[in-house]
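A.B. asks: Pasting in a structure now, in structure tokens, and then I'll have a few things to ask.
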Amino acid sequence: MRLTASLLIALLALVVIGPAAAQQGVSDAEIVVGCSNSFSGPLAYTGEQATRYGVDLYFKVVNDTGGINGRKVRTVYYDDGYKPQEAVANTRKLVEQDKVFAVIAPQGTAPVAATLEYLEENKVPLLFPFQGSPITRGKKYVFSGMTLYDRQSKMMIDYLVGERKLKTFGVLYQDDDYGKAFLTAYEKDLARHNLKIASAEPVKRGVTDVSAQIAKLRAASPQVTFLVLTPGPGAQALKERQKIGWTDTVMVSSGPLTDEKYLGLAGDAAEGVEGLSLWPDPLTSDLPGVKAYRAAMQKYFDKNEPNRYSLSGYFAAMLFAEGAKRAGRTLTRETLIGALENVRGFDSGILPPLTIGPDHETQKQGFWVRVEKGRFKALTDWLKSD
Amino acid sequence: MSAATIIHVVVSGLATGAIYALMALSLVIIYNATRTLNFAQGEMLMMSTFVAWAAQRALGLPLAFTLVVAVFAGGVIAWVVERAIIRRAIAGTHWDVLIITVGLSLILRAIAGLVWTHDEFPFPSFFPSAPIIFGPVRVAPVSLGILGGSLALMMALWALFRFTRLGRAMRAVAQNQRAARLMGISVERVYSTSWVLAGVVGAVAGVLVAPVVFLSSKMGLIVINGFTAAVIGGFGSMPGAVIGGMFLGVLENLAPLYLPSGIRYSVPFVVLVAVLVVRPAGLVGRVEQRKM
Amino acid sequence: MITRRVWPALALAVLAAWPWVAPRYFVFLASLVLVNVVVAIGLNLLSGYTNQLSFGHAGFLAIGAYVAALITIHAPAVPVIVTLLLAGAFTAAVGLAFGVPCLRLGGLYLSMATLAFGFVITEAILNLDMLTKGADGLRVPVARLGAWPLATDTARYYLTAVVAVLMVAAAVNLVRARPGRAFLALRESEIAAQASGVPVAAYKTAAFGLSAFYTGVAGGLFAFVVGFLSPDAFDVFLSVDFVVMIIVGGLGSVPGSIIGAAVVTVLYDWLAAFQNYRPLIFGAILIACMLFMPGGIVRALAPSARR
């Protein structure tokens, strides 16, 4: 009986809410941010890299040099395994229990879409989600991360049709929100040039055998074949193309696919392949910001190889820090949003000078690359997407 | 669709089918001896492939050794699992063991993620990537290699079951456990052996298929195709597992050429349900008399 | 000495008072627990009582969830209780359509068929994207109880709690009455049950349909509580989670279903920060349960108690 009573009291104590901070997630000494992300399931690797080796990497650097206006940053992450209901539960936990100041760098269209309404209703900033579907547009508290897919499509089509004068297109796309969003965007952008997609084949997420789809695409003889996939199936598509000797098409990878992992898995089948690159080469670029990123990775996580996922997380944290710094010592969600909206020509040393406007889009860039000797070589400067 | 394309797709499908067949065989071997389904077969395969990969990278061994290490690792993992965990549930129903293997699959996948992360890794292939050209037809060496390797293993298994004492003991236990025990066959020994054998077959399948699907902690999910193949062929029948696997592989590859793309991924499961409903014995299998 | 009468009364009191004492997140979590309780009971009716283990119940959950969401979107005038009933009924119909031909299969084959079923349902949701919005995901509008929109966690919690309590009560009554005894007989030995006059096929079919109904209703509740649906949510791992719940709680036991669902849901939530270890821990729990606690928590706590 006594045990029950004390347990009940302990439970009640746990349940009583702690002293409310002036602004949730911001105290005298620290700022708390976090997200629900994939640490298991299909996108576990990207999730872990973007958060623990990306966002956290930058915050380590910041904290070691005194923090942001005297406050250190602490992060909290929960695993949703790419399941939207888990993302909802985790995000609510972050906001209601961990009392985060903002949600930063969650991943995936479905998990992010599931939490959008809740975050807007509760006025919690959703910063730089690692996804490119346009669902985040037009929300007051949301700032997009990755260059949105419709912008990517516009850059790709305008370049290929406008500059390279190519006319027939095929698409090999992942059968989910990512792939379908690109497919819709390609259709729209081609229509602007009075063109149509010659052939579009879906690939189920996780499946690597694409021989049938490649065969069907080849039958349509497109000059360009878009690959809107993840690295595994993307690499397989390249290998399959090599196997059947289909040389008279240009394989073009979408922004998220254009990365070193995809190259590594494809091996020599990637030679000559092109794509839209969203980031400078994390391993070889000598832009000052990228070099700083590599130095930090070497210092704190020397066994982890630099890659685009962690680079995007690092950048997200950098942008947050910039906004928070400008908001000053009186850091509230409103002042942060105001500060971010007023970012003009911010030079990260990684991406072109960044100006964020009322559209809350933080990345609008991309440039064309071709694979030569196993690495991406830039063919153009940063393309326009406006 | 030109004939050359169809041939290429069919050969590719046969190669995939051969892997499904190996997976199905390992499931059937365990099932026949112990009447239980090993839900963790795919994860065991994945672990042995990872171990072989790690060893090859750490020790700088020539490529052929990865197969040896994988087979060894596959056998050891299977043996340890059987002795340490499965054997304890020997008194339980087959549901108990099935559930234990479900738990095991979760554990193995988590361990792989902890040790090697959930990243995907290229796995070195024994076969060159340049296609072999027969006139207008191009065939990938990797497909032929998988087919050849799998067939060789299947032949070896057939010989084992047909000509060796161990094989006969396993067949006896599969037919009637009590009678086998009365004849002096150690049923426990057969249990261990069947697990080890399944582990070895899985390890070979893993090394053959890893260059194609890439090495990752989720590689084990292939086993679901193995189930499907085994049922289609006739669960419990080894020739059935092979036929079911080949059939499934070719079907999966041919269907998208002719069917609307969206429906295609349901094909294996629709076929599975159709087989279960229309002819549960499968293409080749014998109708099970006993209740399960 | 707390008698058996007091437990349900105490539980009801805690349930009713919960939103007033617990922080908001725990009200949400409690709703999830209750949804899982209903699923666990549904699964147990099939697997615990009639020995047909299902690895496809996420499929039933999905059907119920999407049906409830679509009704609310396209026919918002329908009262929420009716929506839930329709979700359950439709799911039961699909369950029967699938189950009837498969029921004559043995246990193992049926399990494999349910596994396949789960995949087919997810693919169907993806392909019917005109209706379900496929991979983009479907936002579930707020449910309405008469004129009152269930727009807060507390409101949704009470809806879930009331429905869950009713379904638990129905299950308990079922189990105590003749159908329950027939189910148990089926589980011990189909042949013996048939010999004592139990129409085996009819009861197996009924168990399947009932199980699907329960899970379908739970699916509707799930849709309202979570607010967003996508095919990613209903994969084979979710089906395995449900199996874990009834194993841990206790097969063939209504209190076991409740305990199992509560333990697994809360533990899952609690471990959200230990991402790499969570599947490891769940797998270990599952194995430990089978080896050392085969009747689940219920049997361990009250070995001789009648279920």
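Here's how to read the names in the structure tokens: chain A, B, ... by the order shown, residue numbers from 1 in each chain, ligand numbers from 1 in the order shown.
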Using only C-alpha atoms, find the residues of chain C whose closest atom to chain A is at most 6 Å away, then write them as a list in words.
C.D. replies: Ala22, Ala135, Asp136, Val226, Phe228, Asp232, Ala233, Ala272, Ala273 and Gln275 of chain C
A.B. asks: Taking only residues of chain B that have an atom at most 10 Å from an atom of chain A, what is each one's shortest atom pair and its distance in Å to one decimal, using only C-alpha atoms, in chain and number order, as a Markdown table?
C.D. replies:
```
| residue | atom | partner | partner_atom | distance |
| --- | --- | --- | --- | --- |
| B:Met1 | CA | A:Ala219 | CA | 7.3 |
| B:Ser2 | CA | A:Ala219 | CA | 8.9 |
| B:Ala4 | CA | A:Ile244 | CA | 9.7 |
| B:Thr5 | CA | A:Ala215 | CA | 6.8 |
| B:Ile6 | CA | A:Ala215 | CA | 8.8 |
| B:His8 | CA | A:Ile244 | CA | 8.0 |
| B:Val9 | CA | A:Ser211 | CA | 6.5 |
| B:Val10 | CA | A:Ala212 | CA | 9.6 |
| B:Ser12 | CA | A:Ser211 | CA | 7.5 |
| B:Gly13 | CA | A:Ser211 | CA | 8.8 |
| B:Thr16 | CA | A:Asp209 | CA | 8.6 |
| B:Arg109 | CA | A:Ser40 | CA | 9.8 |
| B:Ala110 | CA | A:Ser40 | CA | 8.7 |
| B:Gly113 | CA | A:Ser40 | CA | 8.4 |
| B:Thr117 | CA | A:Tyr45 | CA | 7.1 |
| B:His118 | CA | A:Tyr45 | CA | 5.3 |
| B:Asp119 | CA | A:Tyr45 | CA | 5.2 |
| B:Glu120 | CA | A:Gly232 | CA | 7.4 |
| B:Phe121 | CA | A:Leu265 | CA | 6.8 |
| B:Pro122 | CA | A:Leu265 | CA | 5.0 |
| B:Phe123 | CA | A:Leu265 | CA | 8.4 |
| B:Ser129 | CA | A:Lys243 | CA | 7.2 |
| B:Ala130 | CA | A:Lys243 | CA | 6.8 |
| B:Pro131 | CA | A:Lys243 | CA | 5.5 |
| B:Ile132 | CA | A:Lys243 | CA | 9.0 |
| B:Ile133 | CA | A:Ile244 | CA | 9.7 |
| B:Val137 | CA | A:Ile244 | CA | 8.7 |
| B:Arg138 | CA | A:Ile244 | CA | 6.2 |
| B:Val139 | CA | A:Lys243 | CA | 7.4 |
| B:Ala140 | CA | A:Lys243 | CA | 5.9 |
| B:Pro141 | CA | A:Lys243 | CA | 9.1 |
| B:Val142 | CA | A:Lys243 | CA | 9.7 |
| B:Pro211 | CA | A:Leu265 | CA | 9.2 |
| B:Val212 | CA | A:Gln236 | CA | 7.4 |
| B:Val213 | CA | A:Thr208 | CA | 5.8 |
| B:Phe214 | CA | A:Gly232 | CA | 7.1 |
| B:Leu215 | CA | A:Gly232 | CA | 9.8 |
| B:Ser216 | CA | A:Gly232 | CA | 10.0 |
| B:Ser217 | CA | A:Gly41 | CA | 9.5 |
| B:Lys218 | CA | A:Pro42 | CA | 8.0 |
| B:Met219 | CA | A:Gly206 | CA | 9.7 |
| B:Leu221 | CA | A:Gly206 | CA | 9.7 |
| B:Ile222 | CA | A:Val207 | CA | 9.7 |
| B:Glu252 | CA | A:Ala212 | CA | 8.9 |
| B:Asn253 | CA | A:Ala212 | CA | 5.8 |
| B:Leu254 | CA | A:Ala212 | CA | 7.0 |
| B:Ala255 | CA | A:Ala212 | CA | 8.4 |
| B:Pro256 | CA | A:Ala212 | CA | 6.0 |
| B:Leu257 | CA | A:Ala212 | CA | 6.0 |
| B:Tyr258 | CA | A:Lys216 | CA | 9.6 |
| B:Pro260 | CA | A:Glu201 | CA | 9.6 |
| B:Ser261 | CA | A:Pro202 | CA | 6.5 |
| B:Gly262 | CA | A:Pro202 | CA | 7.2 |
| B:Arg264 | CA | A:Lys204 | CA | 9.6 |
| B:Tyr265 | CA | A:Lys204 | CA | 7.3 |
```
A.B. asks: Any chance you could tabulate, as JSON lines, the residues of chain B at most 10 Å from chain C with each one's nearest atom pair and distance in Å to one decimal, using only C-alpha atoms, in chain and rising number order?
C.D. replies:
```
{"residue": "B:Arg35", "atom": "CA", "partner": "C:Leu108", "partner_atom": "CA", "distance": 9.8}
{"residue": "B:Thr36", "atom": "CA", "partner": "C:Leu108", "partner_atom": "CA", "distance": 8.9}
{"residue": "B:Leu37", "atom": "CA", "partner": "C:Leu108", "partner_atom": "CA", "distance": 8.3}
{"residue": "B:Ile85", "atom": "CA", "partner": "C:Ile287", "partner_atom": "CA", "distance": 8.3}
{"residue": "B:Ile86", "atom": "CA", "partner": "C:Leu291", "partner_atom": "CA", "distance": 9.2}
{"residue": "B:Arg88", "atom": "CA", "partner": "C:Leu291", "partner_atom": "CA", "distance": 7.0}
{"residue": "B:Ala89", "atom": "CA", "partner": "C:Leu291", "partner_atom": "CA", "distance": 6.3}
{"residue": "B:Ile90", "atom": "CA", "partner": "C:Leu291", "partner_atom": "CA", "distance": 9.9}
{"residue": "B:Gly92", "atom": "CA", "partner": "C:Met290", "partner_atom": "CA", "distance": 8.9}
{"residue": "B:His94", "atom": "CA", "partner": "C:Leu108", "partner_atom": "CA", "distance": 9.1}
{"residue": "B:Trp95", "atom": "CA", "partner": "C:Leu53", "partner_atom": "CA", "distance": 8.1}
{"residue": "B:Asp96", "atom": "CA", "partner": "C:Met290", "partner_atom": "CA", "distance": 6.2}
{"residue": "B:Val97", "atom": "CA", "partner": "C:Met290", "partner_atom": "CA", "distance": 8.1}
{"residue": "B:Leu98", "atom": "CA", "partner": "C:Leu108", "partner_atom": "CA", "distance": 9.7}
{"residue": "B:Ile99", "atom": "CA", "partner": "C:Leu286", "partner_atom": "CA", "distance": 7.4}
{"residue": "B:Ile100", "atom": "CA", "partner": "C:Ile287", "partner_atom": "CA", "distance": 5.0}
{"residue": "B:Thr101", "atom": "CA", "partner": "C:Ile287", "partner_atom": "CA", "distance": 8.0}
{"residue": "B:Val102", "atom": "CA", "partner": "C:Gly283", "partner_atom": "CA", "distance": 7.4}
{"residue": "B:Gly103", "atom": "CA", "partner": "C:Gly283", "partner_atom": "CA", "distance": 3.8}
{"residue": "B:Leu104", "atom": "CA", "partner": "C:Gly283", "partner_atom": "CA", "distance": 5.9}
{"residue": "B:Ser105", "atom": "CA", "partner": "C:Gly283", "partner_atom": "CA", "distance": 7.4}
{"residue": "B:Leu106", "atom": "CA", "partner": "C:Gly283", "partner_atom": "CA", "distance": 5.2}
{"residue": "B:Ile107", "atom": "CA", "partner": "C:Leu280", "partner_atom": "CA", "distance": 4.4}
{"residue": "B:Leu108", "atom": "CA", "partner": "C:Leu280", "partner_atom": "CA", "distance": 7.7}
{"residue": "B:Arg109", "atom": "CA", "partner": "C:Pro279", "partner_atom": "CA", "distance": 7.9}
{"residue": "B:Ala110", "atom": "CA", "partner": "C:Leu280", "partner_atom": "CA", "distance": 5.4}
{"residue": "B:Ile111", "atom": "CA", "partner": "C:Leu280", "partner_atom": "CA", "distance": 7.2}
{"residue": "B:Ala112", "atom": "CA", "partner": "C:Asn276", "partner_atom": "CA", "distance": 9.9}
{"residue": "B:Gly113", "atom": "CA", "partner": "C:Asn276", "partner_atom": "CA", "distance": 7.1}
{"residue": "B:Leu114", "atom": "CA", "partner": "C:Asn276", "partner_atom": "CA", "distance": 6.5}
{"residue": "B:Thr117", "atom": "CA", "partner": "C:Asn276", "partner_atom": "CA", "distance": 9.2}
{"residue": "B:His118", "atom": "CA", "partner": "C:Asn276", "partner_atom": "CA", "distance": 9.8}
{"residue": "B:Ile224", "atom": "CA", "partner": "C:Leu115", "partner_atom": "CA", "distance": 9.0}
{"residue": "B:Phe227", "atom": "CA", "partner": "C:Met112", "partner_atom": "CA", "distance": 7.8}
{"residue": "B:Thr228", "atom": "CA", "partner": "C:Met112", "partner_atom": "CA", "distance": 8.2}
{"residue": "B:Val231", "atom": "CA", "partner": "C:Tyr109", "partner_atom": "CA", "distance": 8.2}
{"residue": "B:Phe235", "atom": "CA", "partner": "C:Tyr109", "partner_atom": "CA", "distance": 8.9}
{"residue": "B:Ser261", "atom": "CA", "partner": "C:Asn127", "partner_atom": "CA", "distance": 9.9}
{"residue": "B:Gly262", "atom": "CA", "partner": "C:Asn127", "partner_atom": "CA", "distance": 6.2}
{"residue": "B:Ile263", "atom": "CA", "partner": "C:Asn127", "partner_atom": "CA", "distance": 7.2}
{"residue": "B:Arg264", "atom": "CA", "partner": "C:Glu123", "partner_atom": "CA", "distance": 9.4}
{"residue": "B:Tyr265", "atom": "CA", "partner": "C:Glu123", "partner_atom": "CA", "distance": 7.4}
{"residue": "B:Ser266", "atom": "CA", "partner": "C:Val120", "partner_atom": "CA", "distance": 5.8}
{"residue": "B:Val267", "atom": "CA", "partner": "C:Val120", "partner_atom": "CA", "distance": 8.9}
{"residue": "B:Pro268", "atom": "CA", "partner": "C:Ala116", "partner_atom": "CA", "distance": 8.6}
{"residue": "B:Phe269", "atom": "CA", "partner": "C:Ala116", "partner_atom": "CA", "distance": 5.2}
{"residue": "B:Val270", "atom": "CA", "partner": "C:Val120", "partner_atom": "CA", "distance": 7.3}
{"residue": "B:Val271", "atom": "CA", "partner": "C:Ala116", "partner_atom": "CA", "distance": 9.6}
{"residue": "B:Leu272", "atom": "CA", "partner": "C:Ala116", "partner_atom": "CA", "distance": 7.2}
{"residue": "B:Val273", "atom": "CA", "partner": "C:Ala113", "partner_atom": "CA", "distance": 6.0}
{"residue": "B:Ala274", "atom": "CA", "partner": "C:Ala113", "partner_atom": "CA", "distance": 9.6}
{"residue": "B:Val275", "atom": "CA", "partner": "C:Ala113", "partner_atom": "CA", "distance": 9.9}
{"residue": "B:Leu276", "atom": "CA", "partner": "C:Cys102", "partner_atom": "CA", "distance": 6.9}
{"residue": "B:Val277", "atom": "CA", "partner": "C:Pro101", "partner_atom": "CA", "distance": 5.9}
{"residue": "B:Val278", "atom": "CA", "partner": "C:Pro101", "partner_atom": "CA", "distance": 8.7}
{"residue": "B:Pro280", "atom": "CA", "partner": "C:Leu105", "partner_atom": "CA", "distance": 7.4}
{"residue": "B:Glu288", "atom": "CA", "partner": "C:Gly106", "partner_atom": "CA", "distance": 9.2}
{"residue": "B:Arg290", "atom": "CA", "partner": "C:Gly106", "partner_atom": "CA", "distance": 9.3}
{"residue": "B:Lys291", "atom": "CA", "partner": "C:Gly106", "partner_atom": "CA", "distance": 6.6}
{"residue": "B:Met292", "atom": "CA", "partner": "C:Gly106", "partner_atom": "CA", "distance": 5.7}
```
A.B. asks: So which residues of region 27-258 of chain C fall under strand (DSSP E) by DSSP, listed as a PyMOL selection string?
C.D. replies: chain C and resi 138-139+144-145+148-149+228-229
A.B. asks: In Å, how far is it from CA of Glu43 (chain B) to CA of Pro62 (chain B)?
C.D. replies: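 Between CA of Glu43 (chain B) and CA of Pro62 (chain B) the gap is 25.0 Å.
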